[in-house]
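J.: Contents are mmCIF, C-alpha atoms; file name entry_33.cif:
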```cif
data_final
loop_
_atom_site.group_PDB
_atom_site.id
_atom_site.type_symbol
_atom_site.label_atom_id
_atom_site.label_comp_id
_atom_site.auth_asym_id
_atom_site.auth_seq_id
_atom_site.Cartn_x
_atom_site.Cartn_y
_atom_site.Cartn_z
ATOM 1 C CA MET L 1 -26.256 -19.188 31.058
ATOM 2 C CA ARG L 2 -25.008 -17.824 34.347
ATOM 3 C CA ARG L 3 -27.280 -17.710 37.420
ATOM 4 C CA LEU L 4 -30.597 -16.900 35.734
ATOM 5 C CA ALA L 5 -32.946 -18.852 37.996
ATOM 6 C CA ALA L 6 -33.588 -16.049 40.501
ATOM 7 C CA ARG L 7 -34.057 -13.366 37.875
ATOM 8 C CA SER L 8 -37.354 -12.041 36.520
ATOM 9 C CA SER L 9 -38.562 -13.134 33.096
ATOM 10 C CA SER L 10 -37.768 -9.712 31.578
ATOM 11 C CA ALA L 11 -34.194 -9.767 32.942
ATOM 12 C CA SER L 12 -33.733 -13.337 31.687
ATOM 13 C CA GLN L 13 -35.053 -12.244 28.296
ATOM 14 C CA GLU L 14 -32.614 -9.348 28.222
ATOM 15 C CA LEU L 15 -29.737 -11.750 28.892
ATOM 16 C CA GLU L 16 -30.650 -14.130 26.095
ATOM 17 C CA VAL L 17 -28.061 -14.499 23.349
ATOM 18 C CA ILE L 18 -29.478 -12.533 20.418
ATOM 19 C CA ALA L 19 -28.648 -12.968 16.767
ATOM 20 C CA PRO L 20 -25.551 -10.914 15.841
ATOM 21 C CA SER L 21 -25.618 -8.488 12.938
ATOM 22 C CA LYS L 22 -24.134 -8.835 9.481
ATOM 23 C CA LEU L 23 -22.262 -5.750 8.250
ATOM 24 C CA ALA L 24 -21.802 -4.654 4.657
ATOM 25 C CA ILE L 25 -19.420 -1.821 3.743
ATOM 26 C CA ASP L 26 -19.746 -0.949 0.066
ATOM 27 C CA ASN L 27 -17.346 1.395 -1.740
ATOM 28 C CA VAL L 28 -16.967 3.779 1.210
ATOM 29 C CA SER L 29 -14.795 6.889 0.905
ATOM 30 C CA LYS L 30 -14.158 9.587 3.503
ATOM 31 C CA SER L 31 -11.947 12.690 3.441
ATOM 32 C CA PHE L 32 -11.043 15.383 5.963
ATOM 33 C CA GLN L 33 -9.754 18.915 5.641
ATOM 34 C CA SER L 34 -6.468 19.714 7.358
ATOM 35 C CA ALA L 35 -4.070 22.663 7.396
ATOM 36 C CA SER L 36 -2.068 21.038 4.598
ATOM 37 C CA GLY L 37 -5.093 20.228 2.444
ATOM 38 C CA THR L 38 -7.541 17.376 1.907
ATOM 39 C CA VAL L 39 -6.707 14.043 3.527
ATOM 40 C CA LEU L 40 -8.343 10.985 1.955
ATOM 41 C CA ALA L 41 -8.839 8.755 5.007
ATOM 42 C CA LEU L 42 -10.751 5.990 3.187
ATOM 43 C CA ASP L 43 -10.719 5.293 -0.529
ATOM 44 C CA HIS L 44 -13.458 3.026 -1.934
ATOM 45 C CA VAL L 45 -13.327 0.502 0.914
ATOM 46 C CA SER L 46 -15.583 -2.547 0.659
ATOM 47 C CA LEU L 47 -15.944 -5.529 2.976
ATOM 48 C CA GLN L 48 -18.462 -7.943 4.437
ATOM 49 C CA VAL L 49 -18.542 -9.000 8.088
ATOM 50 C CA ASP L 50 -20.633 -12.099 8.747
ATOM 51 C CA GLU L 51 -22.975 -12.596 11.695
ATOM 52 C CA GLY L 52 -20.953 -13.358 14.805
ATOM 53 C CA GLU L 53 -17.601 -12.914 13.064
ATOM 54 C CA PHE L 54 -14.548 -11.466 14.837
ATOM 55 C CA VAL L 55 -12.662 -9.231 12.372
ATOM 56 C CA CYS L 56 -9.502 -7.264 13.172
ATOM 57 C CA LEU L 57 -8.400 -4.157 11.264
ATOM 58 C CA VAL L 58 -4.652 -3.619 11.448
ATOM 59 C CA GLY L 59 -2.332 -1.042 9.930
ATOM 60 C CA ALA L 60 -0.183 2.007 10.551
ATOM 61 C CA SER L 61 -1.492 5.243 12.029
ATOM 62 C CA GLY L 62 -3.509 7.264 9.559
ATOM 63 C CA CYS L 63 -4.736 4.338 7.467
ATOM 64 C CA GLY L 64 -8.431 4.949 8.221
ATOM 65 C CA LYS L 65 -9.146 2.078 10.646
ATOM 66 C CA THR L 66 -10.748 4.240 13.321
ATOM 67 C CA THR L 67 -12.544 6.325 10.706
ATOM 68 C CA LEU L 68 -14.176 3.186 9.341
ATOM 69 C CA LEU L 69 -15.099 2.075 12.869
ATOM 70 C CA ASN L 70 -16.715 5.464 13.539
ATOM 71 C CA ILE L 71 -18.722 5.195 10.319
ATOM 72 C CA ILE L 72 -19.981 1.731 11.298
ATOM 73 C CA ALA L 73 -20.896 3.144 14.721
ATOM 74 C CA GLY L 74 -22.849 5.958 13.058
ATOM 75 C CA LEU L 75 -20.607 8.620 14.608
ATOM 76 C CA GLU L 76 -19.435 9.832 11.197
ATOM 77 C CA LYS L 77 -20.952 9.758 7.729
ATOM 78 C CA PRO L 78 -19.078 8.621 4.615
ATOM 79 C CA ASP L 79 -18.625 11.018 1.705
ATOM 80 C CA SER L 80 -19.750 8.235 -0.611
ATOM 81 C CA GLY L 81 -20.676 4.569 -0.439
ATOM 82 C CA ASN L 82 -22.998 2.657 1.862
ATOM 83 C CA VAL L 83 -22.746 0.940 5.251
ATOM 84 C CA LEU L 84 -25.468 -1.547 6.154
ATOM 85 C CA ALA L 85 -26.309 -3.579 9.261
ATOM 86 C CA ASP L 86 -28.592 -6.494 8.413
ATOM 87 C CA GLY L 87 -29.437 -4.794 5.133
ATOM 88 C CA LYS L 88 -30.457 -1.478 6.718
ATOM 89 C CA PRO L 89 -28.440 1.728 6.173
ATOM 90 C CA ILE L 90 -26.471 3.020 9.168
ATOM 91 C CA THR L 91 -27.181 6.747 9.469
ATOM 92 C CA SER L 92 -26.756 7.378 13.206
ATOM 93 C CA PRO L 93 -25.592 5.688 16.427
ATOM 94 C CA GLY L 94 -27.782 2.889 17.764
ATOM 95 C CA ARG L 95 -28.034 0.495 20.693
ATOM 96 C CA ASP L 96 -27.348 -2.412 18.333
ATOM 97 C CA ARG L 97 -23.773 -1.094 17.768
ATOM 98 C CA LEU L 98 -21.712 -0.046 20.778
ATOM 99 C CA VAL L 99 -18.124 1.212 20.905
ATOM 100 C CA MET L 100 -15.327 0.432 23.361
ATOM 101 C CA PHE L 101 -12.524 3.009 23.161
ATOM 102 C CA GLN L 102 -8.798 2.960 23.953
ATOM 103 C CA GLU L 103 -9.518 4.960 27.105
ATOM 104 C CA PRO L 104 -12.143 3.406 29.404
ATOM 105 C CA ALA L 105 -14.146 6.685 29.478
ATOM 106 C CA LEU L 106 -15.756 5.725 32.783
ATOM 107 C CA PHE L 107 -17.691 8.148 34.963
ATOM 108 C CA PRO L 108 -15.486 8.887 38.006
ATOM 109 C CA TRP L 109 -18.455 9.966 40.166
ATOM 110 C CA LEU L 110 -20.051 6.504 39.778
ATOM 111 C CA ASP L 111 -18.732 3.274 41.249
ATOM 112 C CA VAL L 112 -18.120 0.135 39.157
ATOM 113 C CA PHE L 113 -21.732 -1.028 39.454
ATOM 114 C CA GLY L 114 -23.086 2.421 38.605
ATOM 115 C CA ASN L 115 -20.972 2.628 35.445
ATOM 116 C CA VAL L 116 -22.301 -0.691 34.132
ATOM 117 C CA LEU L 117 -25.849 0.228 35.150
ATOM 118 C CA PHE L 118 -25.616 3.567 33.320
ATOM 119 C CA GLY L 119 -25.902 1.985 29.865
ATOM 120 C CA LEU L 120 -29.108 0.227 30.902
ATOM 121 C CA LYS L 121 -31.013 3.269 32.142
ATOM 122 C CA LEU L 122 -32.528 4.061 28.746
ATOM 123 C CA LYS L 123 -33.234 0.419 27.906
ATOM 124 C CA PRO L 124 -37.038 0.057 27.634
ATOM 125 C CA ASN L 125 -39.222 -2.593 29.277
ATOM 126 C CA LEU L 126 -36.892 -3.197 32.213
ATOM 127 C CA THR L 127 -37.600 -2.520 35.874
ATOM 128 C CA ASN L 128 -34.892 -1.157 38.162
ATOM 129 C CA LYS L 129 -34.445 -4.670 39.565
ATOM 130 C CA ASP L 130 -34.064 -6.059 36.048
ATOM 131 C CA ARG L 131 -31.358 -3.512 35.309
ATOM 132 C CA ARG L 132 -29.509 -4.375 38.512
ATOM 133 C CA ASP L 133 -29.692 -8.093 37.690
ATOM 134 C CA VAL L 134 -28.336 -7.513 34.180
ATOM 135 C CA ALA L 135 -25.503 -5.311 35.491
ATOM 136 C CA LYS L 136 -24.557 -7.975 38.043
ATOM 137 C CA TYR L 137 -24.514 -10.636 35.322
ATOM 138 C CA TYR L 138 -22.021 -8.710 33.195
ATOM 139 C CA LEU L 139 -19.810 -7.844 36.151
ATOM 140 C CA GLU L 140 -19.672 -11.569 36.882
ATOM 141 C CA LEU L 141 -18.916 -12.245 33.207
ATOM 142 C CA VAL L 142 -15.832 -9.990 33.301
ATOM 143 C CA GLY L 143 -14.745 -11.188 36.761
ATOM 144 C CA LEU L 144 -15.480 -8.035 38.758
ATOM 145 C CA THR L 145 -18.275 -9.118 41.104
ATOM 146 C CA ARG L 146 -16.095 -8.481 44.175
ATOM 147 C CA PHE L 147 -15.344 -4.943 43.006
ATOM 148 C CA GLU L 148 -18.838 -3.739 42.090
ATOM 149 C CA ARG L 149 -18.798 -1.063 44.810
ATOM 150 C CA ALA L 150 -15.222 0.053 44.185
ATOM 151 C CA ASN L 151 -14.502 3.615 43.065
ATOM 152 C CA ILE L 152 -13.038 4.032 39.599
ATOM 153 C CA HIS L 153 -9.818 5.629 40.884
ATOM 154 C CA GLU L 154 -9.169 2.491 42.948
ATOM 155 C CA LEU L 155 -8.988 0.231 39.873
ATOM 156 C CA SER L 156 -6.000 -0.841 37.796
ATOM 157 C CA GLY L 157 -5.942 -0.133 34.054
ATOM 158 C CA GLY L 158 -7.007 -3.677 33.233
ATOM 159 C CA MET L 159 -9.892 -3.572 35.689
ATOM 160 C CA LYS L 160 -11.105 -0.273 34.213
ATOM 161 C CA GLN L 161 -11.173 -1.838 30.760
ATOM 162 C CA ARG L 162 -13.135 -4.784 32.147
ATOM 163 C CA VAL L 163 -15.686 -2.300 33.500
ATOM 164 C CA ALA L 164 -15.811 -0.593 30.095
ATOM 165 C CA LEU L 165 -16.333 -3.982 28.422
ATOM 166 C CA ALA L 166 -19.146 -4.893 30.817
ATOM 167 C CA ARG L 167 -20.777 -1.499 30.212
ATOM 168 C CA ALA L 168 -20.599 -1.988 26.435
ATOM 169 C CA LEU L 169 -22.041 -5.509 26.660
ATOM 170 C CA ALA L 170 -24.816 -4.728 29.153
ATOM 171 C CA PRO L 171 -27.326 -3.269 26.626
ATOM 172 C CA ASN L 172 -26.860 -6.534 24.639
ATOM 173 C CA PRO L 173 -25.744 -4.988 21.320
ATOM 174 C CA ARG L 174 -25.542 -7.062 18.160
ATOM 175 C CA VAL L 175 -22.205 -5.488 17.178
ATOM 176 C CA LEU L 176 -19.271 -4.553 19.413
ATOM 177 C CA LEU L 177 -16.813 -2.053 17.946
ATOM 178 C CA MET L 178 -13.443 -1.960 19.735
ATOM 179 C CA ASP L 179 -10.921 0.808 19.041
ATOM 180 C CA GLU L 180 -7.510 -0.303 20.396
ATOM 181 C CA PRO L 181 -8.984 -1.046 23.840
ATOM 182 C CA PHE L 182 -5.842 -2.764 25.183
ATOM 183 C CA ALA L 183 -3.156 -0.483 23.725
ATOM 184 C CA ALA L 184 -2.347 1.328 26.987
ATOM 185 C CA LEU L 185 -2.158 -1.817 29.147
ATOM 186 C CA ASP L 186 0.901 -3.772 30.222
ATOM 187 C CA ALA L 187 1.694 -7.046 28.435
ATOM 188 C CA LEU L 188 0.539 -9.358 31.236
ATOM 189 C CA THR L 189 -2.817 -7.603 31.616
ATOM 190 C CA ARG L 190 -3.324 -7.634 27.848
ATOM 191 C CA GLU L 191 -2.742 -11.390 27.719
ATOM 192 C CA GLN L 192 -5.343 -11.962 30.438
ATOM 193 C CA LEU L 193 -7.850 -9.811 28.551
ATOM 194 C CA TYR L 194 -7.185 -11.663 25.289
ATOM 195 C CA GLY L 195 -8.376 -14.826 27.012
ATOM 196 C CA ASP L 196 -11.364 -13.057 28.588
ATOM 197 C CA LEU L 197 -12.468 -11.484 25.316
ATOM 198 C CA GLN L 198 -12.262 -14.766 23.393
ATOM 199 C CA ARG L 199 -14.349 -16.497 26.069
ATOM 200 C CA ILE L 200 -16.945 -13.709 26.123
ATOM 201 C CA TRP L 201 -17.151 -13.638 22.311
ATOM 202 C CA GLU L 202 -17.821 -17.362 22.169
ATOM 203 C CA GLU L 203 -20.357 -17.157 25.016
ATOM 204 C CA ARG L 204 -22.265 -14.036 23.914
ATOM 205 C CA LYS L 205 -21.919 -14.502 20.126
ATOM 206 C CA LYS L 206 -21.350 -10.869 19.134
ATOM 207 C CA THR L 207 -20.148 -9.526 15.812
ATOM 208 C CA ILE L 208 -16.864 -7.796 16.725
ATOM 209 C CA VAL L 209 -14.815 -5.337 14.678
ATOM 210 C CA PHE L 210 -11.519 -4.691 16.470
ATOM 211 C CA VAL L 211 -8.992 -1.981 15.532
ATOM 212 C CA THR L 212 -5.333 -2.440 16.497
ATOM 213 C CA HIS L 213 -1.747 -1.597 15.556
ATOM 214 C CA ASN L 214 -0.574 -4.849 17.122
ATOM 215 C CA VAL L 215 -0.230 -7.613 14.522
ATOM 216 C CA ARG L 216 0.088 -10.420 17.096
ATOM 217 C CA GLU L 217 -2.974 -9.122 18.908
ATOM 218 C CA ALA L 218 -4.924 -9.184 15.642
ATOM 219 C CA ALA L 219 -3.825 -12.764 14.885
ATOM 220 C CA CYS L 220 -4.689 -13.839 18.431
ATOM 221 C CA LEU L 221 -8.218 -12.426 18.387
ATOM 222 C CA GLY L 222 -9.500 -12.288 14.820
ATOM 223 C CA GLU L 223 -11.003 -14.910 12.567
ATOM 224 C CA ARG L 224 -9.930 -12.576 9.777
ATOM 225 C CA VAL L 225 -7.284 -9.867 9.789
ATOM 226 C CA LEU L 226 -7.610 -7.026 7.280
ATOM 227 C CA LEU L 227 -4.401 -5.157 6.547
ATOM 228 C CA PHE L 228 -4.956 -1.456 5.782
ATOM 229 C CA SER L 229 -2.636 0.767 3.782
ATOM 230 C CA PRO L 230 -2.390 4.504 4.560
ATOM 231 C CA HIS L 231 -2.754 7.667 2.454
ATOM 232 C CA PRO L 232 -5.301 6.826 1.203
ATOM 233 C CA GLY L 233 -6.814 4.191 3.484
ATOM 234 C CA ARG L 234 -7.498 0.972 1.602
ATOM 235 C CA ILE L 235 -7.738 -2.712 2.434
ATOM 236 C CA GLN L 236 -4.439 -4.021 1.132
ATOM 237 C CA GLU L 237 -4.714 -7.695 2.025
ATOM 238 C CA GLU L 238 -6.842 -10.163 3.977
ATOM 239 C CA PHE L 239 -5.666 -13.036 6.169
ATOM 240 C CA ALA L 240 -7.828 -15.868 7.516
ATOM 241 C CA VAL L 241 -6.565 -17.111 10.894
ATOM 242 C CA ASP L 242 -7.416 -20.808 11.151
ATOM 243 C CA LEU L 243 -6.391 -21.622 14.721
ATOM 244 C CA PRO L 244 -8.403 -23.237 17.540
ATOM 245 C CA ARG L 245 -9.536 -21.197 20.534
ATOM 246 C CA PRO L 246 -8.628 -20.153 23.106
ATOM 247 C CA ARG L 247 -5.493 -18.855 21.414
ATOM 248 C CA ASP L 248 -2.239 -18.097 23.192
ATOM 249 C CA ILE L 249 -0.542 -14.962 21.887
ATOM 250 C CA ASN L 250 2.853 -16.576 22.588
ATOM 251 C CA SER L 251 2.174 -19.771 20.613
ATOM 252 C CA VAL L 252 4.432 -20.777 17.718
ATOM 253 C CA ASP L 253 1.488 -21.302 15.351
ATOM 254 C CA LEU L 254 0.119 -17.833 16.038
ATOM 255 C CA ALA L 255 3.588 -16.349 15.523
ATOM 256 C CA GLY L 256 3.573 -17.864 12.039
ATOM 257 C CA TYR L 257 0.404 -15.979 11.110
ATOM 258 C CA ALA L 258 1.744 -12.747 12.632
ATOM 259 C CA THR L 259 4.974 -13.121 10.653
ATOM 260 C CA LYS L 260 3.034 -13.442 7.378
ATOM 261 C CA ILE L 261 1.075 -10.285 8.112
ATOM 262 C CA ILE L 262 4.214 -8.345 9.114
ATOM 263 C CA ARG L 263 6.014 -9.456 5.938
ATOM 264 C CA SER L 264 3.137 -8.188 3.838
ATOM 265 C CA LEU L 265 3.102 -4.904 5.748
ATOM 266 C CA ARG L 266 6.852 -4.438 5.246
ATOM 267 C CA LYS L 267 6.649 -5.335 1.568
ATOM 268 C CA PHE L 268 3.925 -2.783 0.998
ATOM 269 C CA SER L 269 5.855 -0.102 2.929
ATOM 270 C CA GLU L 270 8.973 -0.754 0.819
ATOM 271 C CA GLU L 271 6.974 -0.523 -2.412
ATOM 272 C CA ARG L 272 5.525 2.811 -1.328
ATOM 273 C CA ARG L 273 9.000 4.160 -0.526
ATOM 274 C CA GLU L 274 10.247 3.087 -3.952
ATOM 275 C CA ASP L 275 7.278 4.847 -5.556
ATOM 276 C CA GLY L 276 8.084 7.973 -3.524
ATOM 277 C CA ARG L 277 4.741 7.988 -1.720
#
```
Produce structure tokens that represent the structure in this file.
T.:
Amino acid sequence: MRRLAARSSSASQELEVIAPSKLAIDNVSKSFQSASGTVLALDHVSLQVDEGEFVCLVGASGCGKTTLLNIIAGLEKPDSGNVLADGKPITSPGRDRLVMFQEPALFPWLDVFGNVLFGLKLKPNLTNKDRRDVAKYYLELVGLTRFERANIHELSGGMKQRVALARALAPNPRVLLMDEPFAALDALTREQLYGDLQRIWEERKKTIVFVTHNVREAACLGERVLLFSPHPGRIQEEFAVDLPRPRDINSVDLAGYATKIIRSLRKFSEERREDGR
């Protein structure tokens, strides 16, 4: 573990790697009302996510990926079915499940350090020094120690997402929920963050559910890739990605997995067009 010797026992305890959560989604359905009628976002979706597993949800817009993520986060409730974390029903947001969004959603009136510290303010049993030590640890983890006093407007897009990642990790959640966090970044920055996220996942041992439209991104990051179909949202197919880490998004082996997923996506789209759906 990084530089723990000078930290208090409570800060060191806070930085210990904790057991990740196991998620169980059982027969979950969710619909919304729109101007054109009822939209069935999720239709009897079931899946298991093991402790410490990295699972990617991929599919076209409107296939219910983000809706499912919000239900796991406790931000929305399903119309039917159950969602469990370690066997306990998820009924509201909790510190054990934190979300990282497509936009960094940082506080512009706080500097980098203040943004990471913010998520620790309500954490019990920590002194102010403990919180500062924990914040510094996570800024070091994401490579932003030199920028801890920088203003948010001074940061690049990739650096802002690193701050958002550090802020999400700082309360030491058991589950990290990531909703297309790299979609707005340039290709080079995304590739750097793919490497960072794989390293952090292996070091901190979190359960991660990652939503993306990018098939190569999903194959690069996930141990499993779940392909969603839209209208209604269902899990159409599952792919296990058996490649060593760290993975290179430009590797030939990874391209083979991405090609299989894309073929399945195209096949399903063609079948839906033939059925007139």
J.: One number please: CA of Ala11 (chain L) to CA of Leu117 (chain L), in Å, one decimal.
T.: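 Separating CA of Ala11 (chain L) from CA of Leu117 (chain L) is a distance of 13.2 Å.
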J.: What is the distance, in Å and to one decimal place, between CA of Thr127 (chain L) and CA of Ser21 (chain L)?
T.: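 Computed distance, CA of Thr127 (chain L) to CA of Ser21 (chain L), equals 26.6 Å.
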J.: Can you translate the PyMOL selection byres ((chain L and resi 162) around 9) into the concrete residues it hits in this file, as a ChimeraX atom specification?
T.: /L:104,139,142-144,157-161,163-167,193
J.: I would like the residues chosen by the PyMOL selection byres ((chain L and resi 30-47) around 12) on the shown file; could you give them as a PDB file with C-alpha atoms, in the coordinates of the input?
T.:
```pdb
ATOM      1  CA  LYS L  22     -24.134  -8.835   9.481  1.00  0.00           C
ATOM      2  CA  LEU L  23     -22.262  -5.750   8.250  1.00  0.00           C
ATOM      3  CA  ALA L  24     -21.802  -4.654   4.657  1.00  0.00           C
ATOM      4  CA  ILE L  25     -19.420  -1.821   3.743  1.00  0.00           C
ATOM      5  CA  ASP L  26     -19.746  -0.949   0.066  1.00  0.00           C
ATOM      6  CA  ASN L  27     -17.346   1.395  -1.740  1.00  0.00           C
ATOM      7  CA  VAL L  28     -16.967   3.779   1.210  1.00  0.00           C
ATOM      8  CA  SER L  29     -14.795   6.889   0.905  1.00  0.00           C
ATOM      9  CA  GLN L  48     -18.462  -7.943   4.437  1.00  0.00           C
ATOM     10  CA  VAL L  49     -18.542  -9.000   8.088  1.00  0.00           C
ATOM     11  CA  ASP L  50     -20.633 -12.099   8.747  1.00  0.00           C
ATOM     12  CA  VAL L  55     -12.662  -9.231  12.372  1.00  0.00           C
ATOM     13  CA  LEU L  57      -8.400  -4.157  11.264  1.00  0.00           C
ATOM     14  CA  SER L  61      -1.492   5.243  12.029  1.00  0.00           C
ATOM     15  CA  GLY L  62      -3.509   7.264   9.559  1.00  0.00           C
ATOM     16  CA  CYS L  63      -4.736   4.338   7.467  1.00  0.00           C
ATOM     17  CA  GLY L  64      -8.431   4.949   8.221  1.00  0.00           C
ATOM     18  CA  LYS L  65      -9.146   2.078  10.646  1.00  0.00           C
ATOM     19  CA  THR L  66     -10.748   4.240  13.321  1.00  0.00           C
ATOM     20  CA  THR L  67     -12.544   6.325  10.706  1.00  0.00           C
ATOM     21  CA  LEU L  68     -14.176   3.186   9.341  1.00  0.00           C
ATOM     22  CA  LEU L  69     -15.099   2.075  12.869  1.00  0.00           C
ATOM     23  CA  ASN L  70     -16.715   5.464  13.539  1.00  0.00           C
ATOM     24  CA  ILE L  71     -18.722   5.195  10.319  1.00  0.00           C
ATOM     25  CA  ILE L  72     -19.981   1.731  11.298  1.00  0.00           C
ATOM     26  CA  GLU L  76     -19.435   9.832  11.197  1.00  0.00           C
ATOM     27  CA  LYS L  77     -20.952   9.758   7.729  1.00  0.00           C
ATOM     28  CA  PRO L  78     -19.078   8.621   4.615  1.00  0.00           C
ATOM     29  CA  ASP L  79     -18.625  11.018   1.705  1.00  0.00           C
ATOM     30  CA  SER L  80     -19.750   8.235  -0.611  1.00  0.00           C
ATOM     31  CA  GLY L  81     -20.676   4.569  -0.439  1.00  0.00           C
ATOM     32  CA  ASN L  82     -22.998   2.657   1.862  1.00  0.00           C
ATOM     33  CA  VAL L  83     -22.746   0.940   5.251  1.00  0.00           C
ATOM     34  CA  LEU L  84     -25.468  -1.547   6.154  1.00  0.00           C
ATOM     35  CA  VAL L 209     -14.815  -5.337  14.678  1.00  0.00           C
ATOM     36  CA  ARG L 224      -9.930 -12.576   9.777  1.00  0.00           C
ATOM     37  CA  VAL L 225      -7.284  -9.867   9.789  1.00  0.00           C
ATOM     38  CA  LEU L 226      -7.610  -7.026   7.280  1.00  0.00           C
ATOM     39  CA  LEU L 227      -4.401  -5.157   6.547  1.00  0.00           C
ATOM     40  CA  PHE L 228      -4.956  -1.456   5.782  1.00  0.00           C
ATOM     41  CA  SER L 229      -2.636   0.767   3.782  1.00  0.00           C
ATOM     42  CA  PRO L 230      -2.390   4.504   4.560  1.00  0.00           C
ATOM     43  CA  HIS L 231      -2.754   7.667   2.454  1.00  0.00           C
ATOM     44  CA  PRO L 232      -5.301   6.826   1.203  1.00  0.00           C
ATOM     45  CA  GLY L 233      -6.814   4.191   3.484  1.00  0.00           C
ATOM     46  CA  ARG L 234      -7.498   0.972   1.602  1.00  0.00           C
ATOM     47  CA  ILE L 235      -7.738  -2.712   2.434  1.00  0.00           C
ATOM     48  CA  GLN L 236      -4.439  -4.021   1.132  1.00  0.00           C
ATOM     49  CA  GLU L 237      -4.714  -7.695   2.025  1.00  0.00           C
ATOM     50  CA  GLU L 238      -6.842 -10.163   3.977  1.00  0.00           C
TER      51      GLU L 238
END
```
J.: Considering all atoms listed in the file, can you say which of L:Ala168, L:Ile152, L:Leu185, L:Ala85 comes closest to Val116 (chain L)?
T.: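 Counting all atoms listed in the file, the residue closest to Val116 (chain L) is L:Ala168.
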J.: Measuring atom to atom with only C-alpha atoms, identify which of L:Ala73, L:Leu98, L:Ala255, L:Leu155 is nearest to Arg174 (chain L).
T.: L:Leu98
J.: Would you kindly translate the PyMOL selection byres ((chain L and resi 199) around 12) into the concrete residues it picks from this file, as a PyMOL selection string?
T.: chain L and resi 141-143+192-198+200-206+221+245-247
J.: Name all residues at most 6 Å from Gln102 (chain L) (count all atoms listed in the file; drop same-chain ones fewer than 5 positions away) and give them as a short mmCIF file (atom, residue, chain, number, x, y, z; two decimals) with C-alpha atoms, in the coordinates of the input.
T.:
```cif
data_model
loop_
_atom_site.label_atom_id
_atom_site.label_comp_id
_atom_site.auth_asym_id
_atom_site.auth_seq_id
_atom_site.Cartn_x
_atom_site.Cartn_y
_atom_site.Cartn_z
CA ASP L 179 -10.92 0.81 19.04
CA GLU L 180 -7.51 -0.30 20.40
CA PRO L 181 -8.98 -1.05 23.84
#
```
J.: Here is a test: counting all atoms listed in the file, which residue of L:Asp96, L:Met178, L:Gly87, L:Glu148 is nearest to Asn115 (chain L)?
T.: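 Using all atoms listed in the file, the shortest distance to Asn115 (chain L) belongs to L:Glu148.
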J.: Mind giving me the straight-line distance from CA of Lys123 (chain L) to CA of Cys56 (chain L) in Å, one decimal?
T.: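 CA of Cys56 (chain L) lies 29.0 Å from CA of Lys123 (chain L).
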J.: Out of L:Ala135, L:Phe54, L:Leu169, L:Asp130, which residue has the shortest atom-to-atom distance to Val241 (chain L) when counting only C-alpha atoms?
T.: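 Smallest distance to Val241 (chain L) is found for L:Phe54.
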J.: Put the listed atoms of region 209-218 of chain L in a box along x, y and z with 4 Å added on every side and give me the centre and edge lengths in Å to one decimal, as lines of an AutoDock Vina configuration file.
T.:
```
center_x = -7.4
center_y = -6.0
center_z = 16.7
size_x = 22.9
size_y = 16.8
size_z = 12.4
```
J.: Skipping near chain neighbours, those fewer than 6 positions away, what residues fall within 8 Å of Leu120 (chain L) using all atoms listed in the file, listed as a PyMOL selection string?
T.: chain L and resi 131+170-171
J.: Looking at all atoms listed in the file, which of L:Phe210, L:Asn128, L:Glu140, L:Asp133 is the one that sits closest to Phe101 (chain L)?
T.: L:Phe210
J.: Tell me which of L:Leu106, L:Leu265, L:Leu177, L:Cys220 sits closest to Ser251 (chain L), counting all atoms listed in the file.
T.: L:Cys220
